[in-house]
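Visitor: Provided herewith: start_34.cif, mmCIF, C-alpha atoms.
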```cif
data_input
loop_
_atom_site.label_atom_id
_atom_site.label_comp_id
_atom_site.auth_asym_id
_atom_site.auth_seq_id
_atom_site.Cartn_x
_atom_site.Cartn_y
_atom_site.Cartn_z
CA MET A 1 22.04 -11.16 4.78
CA LEU A 2 18.58 -10.05 3.71
CA GLN A 3 15.74 -12.16 5.12
CA ILE A 4 12.02 -11.93 4.34
CA ALA A 5 9.44 -13.70 6.50
CA GLY A 6 5.67 -13.57 6.64
CA ILE A 7 3.87 -13.10 9.94
CA ALA A 8 1.11 -15.69 10.18
CA GLY A 9 -1.56 -16.04 12.82
CA LEU A 10 -3.14 -12.61 12.68
CA PRO A 11 -6.87 -12.66 13.48
CA GLU A 12 -9.54 -11.31 11.14
CA ILE A 13 -9.07 -7.57 11.44
CA GLU A 14 -12.03 -5.58 12.72
CA PRO A 15 -12.55 -1.81 13.04
CA GLY A 16 -10.52 -0.52 15.96
CA THR A 17 -7.96 -3.35 15.93
CA ASP A 18 -4.59 -2.22 17.32
CA LEU A 19 -2.48 -3.40 14.41
CA ALA A 20 0.87 -2.77 16.10
CA ALA A 21 -0.14 -4.89 19.10
CA ALA A 22 -1.61 -7.62 16.89
CA ILE A 23 1.52 -7.78 14.72
CA LEU A 24 3.86 -7.83 17.72
CA HIS A 25 1.84 -10.64 19.32
CA ALA A 26 1.65 -12.73 16.13
CA ALA A 27 5.37 -12.30 15.45
CA SER A 28 6.27 -13.39 18.99
CA ALA A 29 3.86 -16.32 18.86
CA SER A 30 5.48 -17.50 15.62
CA GLY A 31 8.89 -17.62 17.31
CA ASN A 32 10.25 -14.74 15.26
CA PRO A 33 9.63 -11.56 17.29
CA LEU A 34 10.28 -8.16 15.76
CA VAL A 35 13.68 -6.64 16.46
CA ASP A 36 15.30 -3.26 15.96
CA GLY A 37 16.09 -2.58 12.32
CA ASP A 38 13.23 -4.63 10.87
CA VAL A 39 11.13 -3.21 8.05
CA VAL A 40 7.52 -4.30 8.54
CA VAL A 41 5.42 -4.32 5.36
CA VAL A 42 1.69 -4.21 6.10
CA THR A 43 -0.93 -4.87 3.42
CA SER A 44 -3.18 -1.82 3.12
CA LYS A 45 -6.30 -3.96 3.27
CA ILE A 46 -5.87 -4.80 6.96
CA VAL A 47 -5.04 -1.16 7.66
CA SER A 48 -8.28 -0.14 5.97
CA LYS A 49 -10.26 -2.74 7.90
CA ALA A 50 -8.81 -1.57 11.20
CA GLU A 51 -9.63 2.03 10.30
CA GLY A 52 -13.19 1.27 9.19
CA ARG A 53 -12.53 2.00 5.53
CA THR A 54 -15.09 -0.47 4.23
CA VAL A 55 -18.41 0.12 2.48
CA GLU A 56 -21.45 -2.12 2.22
CA LEU A 57 -22.55 -2.07 -1.42
CA ALA A 58 -26.20 -2.24 -0.40
CA ASP A 59 -25.82 1.17 1.27
CA VAL A 60 -24.54 2.91 -1.88
CA GLN A 61 -26.82 5.04 -4.09
CA PRO A 62 -25.24 4.95 -7.56
CA SER A 63 -25.45 8.02 -9.78
CA PRO A 64 -27.07 7.88 -13.24
CA PHE A 65 -23.59 7.83 -14.81
CA ALA A 66 -22.53 4.90 -12.60
CA HIS A 67 -25.67 3.00 -13.63
CA GLN A 68 -25.11 3.75 -17.32
CA TRP A 69 -21.42 2.85 -17.34
CA ALA A 70 -21.93 -0.26 -15.21
CA GLU A 71 -24.71 -1.54 -17.48
CA GLN A 72 -22.61 -0.94 -20.57
CA TRP A 73 -19.63 -2.91 -19.24
CA GLY A 74 -21.20 -5.48 -16.91
CA LYS A 75 -20.03 -3.81 -13.70
CA ASP A 76 -21.70 -3.36 -10.32
CA PRO A 77 -23.05 0.23 -10.27
CA ALA A 78 -22.43 0.51 -6.54
CA VAL A 79 -18.75 -0.33 -7.03
CA VAL A 80 -18.51 2.13 -9.90
CA GLU A 81 -19.99 4.86 -7.70
CA ILE A 82 -17.48 4.15 -4.91
CA VAL A 83 -14.61 4.26 -7.41
CA LEU A 84 -15.76 7.66 -8.66
CA LEU A 85 -16.20 9.01 -5.12
CA GLU A 86 -12.66 7.91 -4.23
CA ALA A 87 -11.23 9.56 -7.36
CA LYS A 88 -9.94 13.08 -7.76
CA ARG A 89 -10.26 12.59 -11.48
CA VAL A 90 -10.54 9.90 -14.14
CA VAL A 91 -7.23 9.60 -15.98
CA ARG A 92 -8.30 7.01 -18.58
CA GLN A 93 -11.63 5.39 -19.33
CA ILE A 94 -11.15 2.74 -21.98
CA GLY A 95 -13.80 0.05 -22.29
CA PRO A 96 -14.43 -1.51 -18.88
CA ILE A 97 -11.22 -0.08 -17.42
CA LEU A 98 -11.21 2.97 -15.16
CA ILE A 99 -7.80 4.41 -14.37
CA THR A 100 -8.18 7.14 -11.76
CA GLU A 101 -6.13 9.49 -9.68
CA THR A 102 -7.08 9.14 -6.04
CA HIS A 103 -7.29 11.95 -3.53
CA HIS A 104 -3.87 10.79 -2.29
CA GLY A 105 -2.35 11.35 -5.74
CA PHE A 106 -2.03 7.65 -6.65
CA VAL A 107 -2.81 6.73 -10.26
CA CYS A 108 -4.29 3.24 -10.29
CA ALA A 109 -7.16 1.07 -11.42
CA ASN A 110 -10.52 1.69 -9.76
CA SER A 111 -9.18 4.13 -7.16
CA GLY A 112 -7.73 1.18 -5.28
CA VAL A 113 -11.24 -0.07 -4.40
CA ASP A 114 -11.23 -3.85 -3.89
CA GLN A 115 -13.80 -6.49 -2.96
CA SER A 116 -11.42 -9.42 -2.47
CA SER A 117 -10.72 -10.49 1.12
CA SER A 118 -13.12 -7.78 2.29
CA GLY A 119 -14.48 -9.91 5.11
CA ALA A 120 -18.00 -10.30 3.70
CA HIS A 121 -19.88 -10.65 0.43
CA GLY A 122 -21.13 -7.32 -0.88
CA ARG A 123 -18.46 -5.29 0.89
CA ALA A 124 -15.74 -3.12 -0.66
CA VAL A 125 -12.47 -2.04 0.92
CA LEU A 126 -11.14 1.45 0.24
CA LEU A 127 -7.57 2.67 0.59
CA PRO A 128 -6.64 4.25 3.93
CA VAL A 129 -7.39 7.99 4.07
CA ASP A 130 -3.77 8.82 4.95
CA PRO A 131 -1.45 5.82 4.53
CA ASP A 132 1.55 7.73 5.91
CA ALA A 133 -0.39 8.48 9.11
CA SER A 134 -1.46 4.83 9.27
CA ALA A 135 2.17 3.72 8.99
CA ARG A 136 3.22 6.22 11.67
CA ARG A 137 0.62 4.89 14.11
CA ILE A 138 1.84 1.33 13.63
CA ARG A 139 5.48 2.38 13.99
CA ALA A 140 4.63 4.35 17.14
CA GLY A 141 3.11 1.18 18.58
CA PHE A 142 6.29 -0.75 17.84
CA VAL A 143 8.48 1.96 19.35
CA ALA A 144 6.28 2.10 22.47
CA ALA A 145 6.91 -1.64 22.84
CA GLY A 146 10.66 -1.08 22.58
CA VAL A 147 11.15 -2.05 18.91
CA ASN A 148 12.60 0.45 16.43
CA ALA A 149 11.11 -0.91 13.21
CA ALA A 150 10.22 0.97 10.03
CA VAL A 151 6.77 0.48 8.51
CA ILE A 152 5.63 0.36 4.90
CA VAL A 153 1.95 0.18 3.98
CA SER A 154 1.66 -1.64 0.65
CA ASP A 155 -0.95 -2.22 -2.02
CA THR A 156 -1.06 -4.12 -5.30
CA PHE A 157 -0.86 -1.89 -8.38
CA GLY A 158 -0.54 -2.48 -12.10
CA ARG A 159 2.28 -0.80 -14.02
CA ALA A 160 2.41 1.20 -17.22
CA TRP A 161 4.00 -0.69 -20.13
CA ARG A 162 4.10 -4.05 -18.29
CA GLU A 163 1.60 -6.83 -17.64
CA GLY A 164 1.01 -8.21 -14.17
CA GLN A 165 0.87 -6.43 -10.84
CA THR A 166 3.27 -5.91 -7.98
CA ASP A 167 3.03 -4.55 -4.48
CA ILE A 168 4.18 -0.98 -4.05
CA ALA A 169 4.47 1.36 -1.07
CA ILE A 170 1.57 3.76 -0.50
CA GLY A 171 2.66 4.91 2.97
CA VAL A 172 5.88 4.89 4.98
CA ALA A 173 7.03 5.63 8.50
CA GLY A 174 10.55 5.93 9.80
CA ILE A 175 12.23 5.20 6.46
CA GLN A 176 12.88 7.35 3.41
CA PRO A 177 11.21 5.83 0.33
CA ILE A 178 13.90 6.81 -2.19
CA LEU A 179 17.64 6.12 -2.19
CA SER A 180 19.37 8.66 -4.43
CA TYR A 181 22.72 8.09 -6.12
CA ILE A 182 22.68 11.51 -7.75
CA GLY A 183 26.07 13.17 -7.36
CA GLN A 184 27.87 9.94 -6.55
CA VAL A 185 30.47 8.44 -8.86
CA ASP A 186 30.64 4.87 -10.17
CA PRO A 187 33.91 2.84 -10.21
CA HIS A 188 34.68 4.16 -13.71
CA GLY A 189 34.33 7.81 -12.75
CA HIS A 190 30.87 8.44 -14.21
CA GLU A 191 28.71 10.71 -12.06
CA PHE A 192 25.11 9.62 -11.52
CA MET A 193 22.77 12.35 -12.73
CA VAL A 194 19.31 10.77 -12.41
CA GLN A 195 19.69 7.42 -10.63
CA ALA A 196 17.34 7.17 -7.64
CA LEU A 197 15.89 3.87 -6.46
CA CYS A 198 12.43 3.66 -4.93
CA THR A 199 13.55 1.27 -2.20
CA ALA A 200 10.14 1.45 -0.49
CA ASP A 201 8.57 -0.09 -3.60
CA GLU A 202 11.36 -2.67 -3.82
CA LEU A 203 10.83 -3.69 -0.19
CA ALA A 204 7.05 -3.85 -0.69
CA GLY A 205 7.48 -6.03 -3.78
CA ALA A 206 9.94 -8.30 -2.00
CA ALA A 207 7.54 -8.69 0.93
CA GLU A 208 4.77 -9.78 -1.45
CA LEU A 209 6.79 -12.90 -2.23
CA VAL A 210 5.94 -14.26 1.23
CA LYS A 211 2.48 -12.72 1.59
CA GLY A 212 0.39 -13.44 -1.50
CA ASN A 213 -3.34 -13.00 -2.03
CA LEU A 214 -4.50 -16.40 -0.76
CA SER A 215 -2.07 -17.09 2.08
CA ARG A 216 -3.84 -15.05 4.80
CA VAL A 217 -0.43 -13.58 5.64
CA PRO A 218 -0.96 -9.81 5.29
CA VAL A 219 2.27 -8.72 7.02
CA ALA A 220 5.90 -9.47 6.25
CA VAL A 221 9.20 -8.56 7.87
CA VAL A 222 12.28 -7.65 5.86
CA ARG A 223 15.37 -8.09 8.04
CA GLY A 224 18.93 -7.11 7.22
CA TYR A 225 18.19 -4.06 5.06
CA GLN A 226 20.23 -1.10 6.30
CA TRP A 227 18.06 1.98 6.74
CA GLU A 228 18.51 5.17 8.69
CA PRO A 229 15.52 6.13 10.87
CA ASP A 230 13.77 9.30 9.68
CA ASP A 231 10.44 10.13 11.25
CA THR A 232 9.88 12.99 8.80
CA ALA A 233 9.64 10.56 5.86
CA THR A 234 6.49 10.38 3.74
CA ILE A 235 5.51 8.79 0.43
CA ALA A 236 5.28 12.24 -1.20
CA PRO A 237 8.69 12.13 -2.96
CA VAL A 238 7.55 9.04 -4.87
CA LEU A 239 4.50 10.70 -6.44
CA ARG A 240 5.49 12.27 -9.74
CA ASP A 241 4.01 15.68 -10.32
CA GLN A 242 1.69 15.86 -13.32
CA THR A 243 3.87 18.55 -14.90
CA ARG A 244 6.71 16.01 -15.08
CA ASP A 245 4.56 13.12 -16.24
CA LEU A 246 4.86 12.53 -20.00
CA PHE A 247 1.87 10.19 -20.14
CA ARG A 248 -0.94 12.03 -18.33
#
```
Once more with this new file: its structure as structure tokens, please.

Guide:
Amino acid sequence: MLQIAGIAGLPEIEPGTDLAAAILHAASASGNPLVDGDVVVVTSKIVSKAEGRTVELADVQPSPFAHQWAEQWGKDPAVVEIVLLEAKRVVRQIGPILITETHHGFVCANSGVDQSSSGAHGRAVLLPVDPDASARRIRAGFVAAGVNAAVIVSDTFGRAWREGQTDIAIGVAGIQPILSYIGQVDPHGHEFMVQALCTADELAGAAELVKGNLSRVPVAVVRGYQWEPDDTATIAPVLRDQTRDLFR
């Protein structure tokens, strides 16, 4: 049976917070301690806060382009400047919308820069520098405490061709992000040639059902999903190379 539960009771995350210890404590205090085999989905925002990946807008010196574009579309020039600094390139710039490719290789709105739940007015939260490394640190903390749990760092992204957003995986530790059926045969004898499920994204999206943006529950546990530990896993296989992308 697959079970999904949010972990409530986490404190406001500050730079230097030991997220693994905080999550273990909150889970135990809630009466549902982590156990071997759990998949722990951690919202990237608290990872960024713990790692000091926040920027005070008052400290930003916007470029002339940021001023010009912000004035044209009613944006904050400081936020625009941060978005551009976090981008490897601008993929689409249509009206007030900036779709960028981050230094990680993620294609998303505004380089993943967000002001909601930042902890203070006039503060922006950036994506973690290396979400895989962030996930590995949290997993290592769990393992050191005697719990073999996989970790997924998630963030909310929009999707091409569809309205609305969903949480996806931007970093993993201990768990392969893709389950491939290629080479296997269905009950009717048809061999799968291309079928590969991004289970890390599916788990991140499922976890969002019990987290939400207003609940102050930034961590969820998915229990009952069968995964094989793999400490070499990264999010890299999920990122489609530009040469294979028909829409960039």

Visitor: For the structure shown, which residues end up in the PyMOL selection byres ((chain A and resi 49-62) around 10)? Put them as a PyMOL selection string, please?

Guide: chain A and resi 12-19+44-48+63-68+70+76-82+84+113-115+118-129+134

Visitor: For Ala22 of chain A, find every residue with an atom within 9 Å (counting only C-alpha atoms), except residues of its own chain fewer than 5 positions away, and show them as a VMD selection string.

Guide: chain A and resid 10 to 11 17 27

Visitor: For atom CA of Leu209 of chain A and atom CA of Asp231 of chain A, quote the distance in Å rounded to one decimal.

Guide: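 Separation between atom CA of Leu209 of chain A and atom CA of Asp231 of chain A: 26.9 Å.
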
Visitor: Given the PyMOL selection byres ((chain A and resi 30) around 12) and the file above, list the residues it selects as a PyMOL selection string.

Guide: chain A and resi 5-10+23-29+31-34

Visitor: In Å, with one decimal, what is the gap from atom CA of Val39 of chain A to atom CA of Leu203 of chain A?

Guide: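 If I compute the distance from atom CA of Val39 of chain A to atom CA of Leu203 of chain A, I get 8.3 Å.
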
Visitor: Do a neighbour search on Ala149 of chain A at 8 Å with only C-alpha atoms, toss out local chain neighbours closer than 4 positions, and write the hits as a list in words.

Guide: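 With the cut-off at 8 Å, the set is Leu34, Val35, Asp36, Gly37, Asp38, Val39, Val40, Arg139, Phe142, Val143 and Gly174 of chain A.
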
Visitor: Go through A:Pro218, A:Pro96, A:Pro229, A:Gly112 and flag the residue nearest Gly158 of chain A, using all atoms listed in the file for the distances.

Guide: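 Checking each of A:Pro218, A:Pro96, A:Pro229, A:Gly112 against Gly158 of chain A, counting all atoms listed in the file, the winner is A:Gly112.
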
Visitor: Between atom CA of Ala207 of chain A and atom CA of Leu2 of chain A, measure the distance and give it in Å to one decimal.

Guide: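 Interatomic distance here is 11.5 Å.
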
Visitor: For Ile175 of chain A, list every protein, DNA or RNA residue within 9 Å, evaluated using only C-alpha atoms, and leave out those in the same chain fewer than 3 positions away; present the list as a count of residues only.

Guide: 15

Visitor: Could you state which residues are captured by the PyMOL selection byres ((chain A and resi 156) around 6) in this file, as a PDB file with C-alpha atoms, keeping the file's coordinate frame?

Guide:
```
ATOM      1  CA  ASP A 155      -0.950  -2.220  -2.020  1.00  0.00           C
ATOM      2  CA  PHE A 157      -0.860  -1.890  -8.380  1.00  0.00           C
ATOM      3  CA  THR A 166       3.270  -5.910  -7.980  1.00  0.00           C
ATOM      4  CA  ASP A 167       3.030  -4.550  -4.480  1.00  0.00           C
TER       5      ASP A 167
END
```

Visitor: Where atoms are absent from segment 110-129 of chain A, fill them in so it carries N, CA and C atoms, then output it as an mmCIF file, keeping the file's coordinate frame.

Guide:
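Contents of the output file part02.cif:
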```cif
data_model
loop_
_atom_site.group_PDB
_atom_site.id
_atom_site.type_symbol
_atom_site.label_atom_id
_atom_site.label_comp_id
_atom_site.auth_asym_id
_atom_site.auth_seq_id
_atom_site.Cartn_x
_atom_site.Cartn_y
_atom_site.Cartn_z
ATOM 1 N N ASN A 110 -9.355 1.708 -10.655
ATOM 2 C CA ASN A 110 -10.520 1.690 -9.760
ATOM 3 C C ASN A 110 -10.287 2.363 -8.416
ATOM 4 N N SER A 111 -9.440 3.365 -8.396
ATOM 5 C CA SER A 111 -9.180 4.130 -7.160
ATOM 6 C C SER A 111 -8.709 3.260 -6.008
ATOM 7 N N GLY A 112 -8.185 2.075 -6.331
ATOM 8 C CA GLY A 112 -7.730 1.180 -5.280
ATOM 9 C C GLY A 112 -8.854 0.453 -4.553
ATOM 10 N N VAL A 113 -10.092 0.593 -5.033
ATOM 11 C CA VAL A 113 -11.240 -0.070 -4.400
ATOM 12 C C VAL A 113 -11.186 -1.563 -4.720
ATOM 13 N N ASP A 114 -11.405 -2.405 -3.714
ATOM 14 C CA ASP A 114 -11.230 -3.850 -3.890
ATOM 15 C C ASP A 114 -12.304 -4.586 -3.089
ATOM 16 N N GLN A 115 -12.811 -5.664 -3.672
ATOM 17 C CA GLN A 115 -13.800 -6.490 -2.960
ATOM 18 C C GLN A 115 -13.201 -7.788 -2.447
ATOM 19 N N SER A 116 -12.011 -8.162 -2.915
ATOM 20 C CA SER A 116 -11.420 -9.420 -2.470
ATOM 21 C C SER A 116 -10.985 -9.324 -1.019
ATOM 22 N N SER A 117 -11.132 -10.416 -0.296
ATOM 23 C CA SER A 117 -10.720 -10.490 1.120
ATOM 24 C C SER A 117 -11.281 -9.329 1.937
ATOM 25 N N SER A 118 -12.508 -8.918 1.603
ATOM 26 C CA SER A 118 -13.120 -7.780 2.290
ATOM 27 C C SER A 118 -13.726 -8.163 3.632
ATOM 28 N N GLY A 119 -13.899 -9.456 3.847
ATOM 29 C CA GLY A 119 -14.480 -9.910 5.110
ATOM 30 C C GLY A 119 -15.928 -10.306 5.005
ATOM 31 N N ALA A 120 -16.594 -9.947 3.884
ATOM 32 C CA ALA A 120 -18.000 -10.300 3.700
ATOM 33 C C ALA A 120 -18.390 -10.074 2.249
ATOM 34 N N HIS A 121 -19.353 -10.848 1.780
ATOM 35 C CA HIS A 121 -19.880 -10.650 0.430
ATOM 36 C C HIS A 121 -20.612 -9.317 0.372
ATOM 37 N N GLY A 122 -20.445 -8.595 -0.732
ATOM 38 C CA GLY A 122 -21.130 -7.320 -0.880
ATOM 39 C C GLY A 122 -20.472 -6.186 -0.124
ATOM 40 N N ARG A 123 -19.192 -6.312 0.156
ATOM 41 C CA ARG A 123 -18.460 -5.290 0.890
ATOM 42 C C ARG A 123 -17.215 -4.903 0.078
ATOM 43 N N ALA A 124 -16.920 -3.617 0.033
ATOM 44 C CA ALA A 124 -15.740 -3.120 -0.660
ATOM 45 C C ALA A 124 -14.781 -2.489 0.347
ATOM 46 N N VAL A 125 -13.499 -2.635 0.068
ATOM 47 C CA VAL A 125 -12.470 -2.040 0.920
ATOM 48 C C VAL A 125 -11.842 -0.881 0.166
ATOM 49 N N LEU A 126 -11.743 0.266 0.822
ATOM 50 C CA LEU A 126 -11.140 1.450 0.240
ATOM 51 C C LEU A 126 -9.707 1.590 0.760
ATOM 52 N N LEU A 127 -8.912 2.394 0.085
ATOM 53 C CA LEU A 127 -7.570 2.670 0.590
ATOM 54 C C LEU A 127 -7.657 3.496 1.871
ATOM 55 N N PRO A 128 -6.658 3.394 2.743
ATOM 56 C CA PRO A 128 -6.640 4.250 3.930
ATOM 57 C C PRO A 128 -6.694 5.731 3.531
ATOM 58 N N VAL A 129 -7.293 6.551 4.374
ATOM 59 C CA VAL A 129 -7.390 7.990 4.070
ATOM 60 C C VAL A 129 -6.016 8.614 3.985
#
```
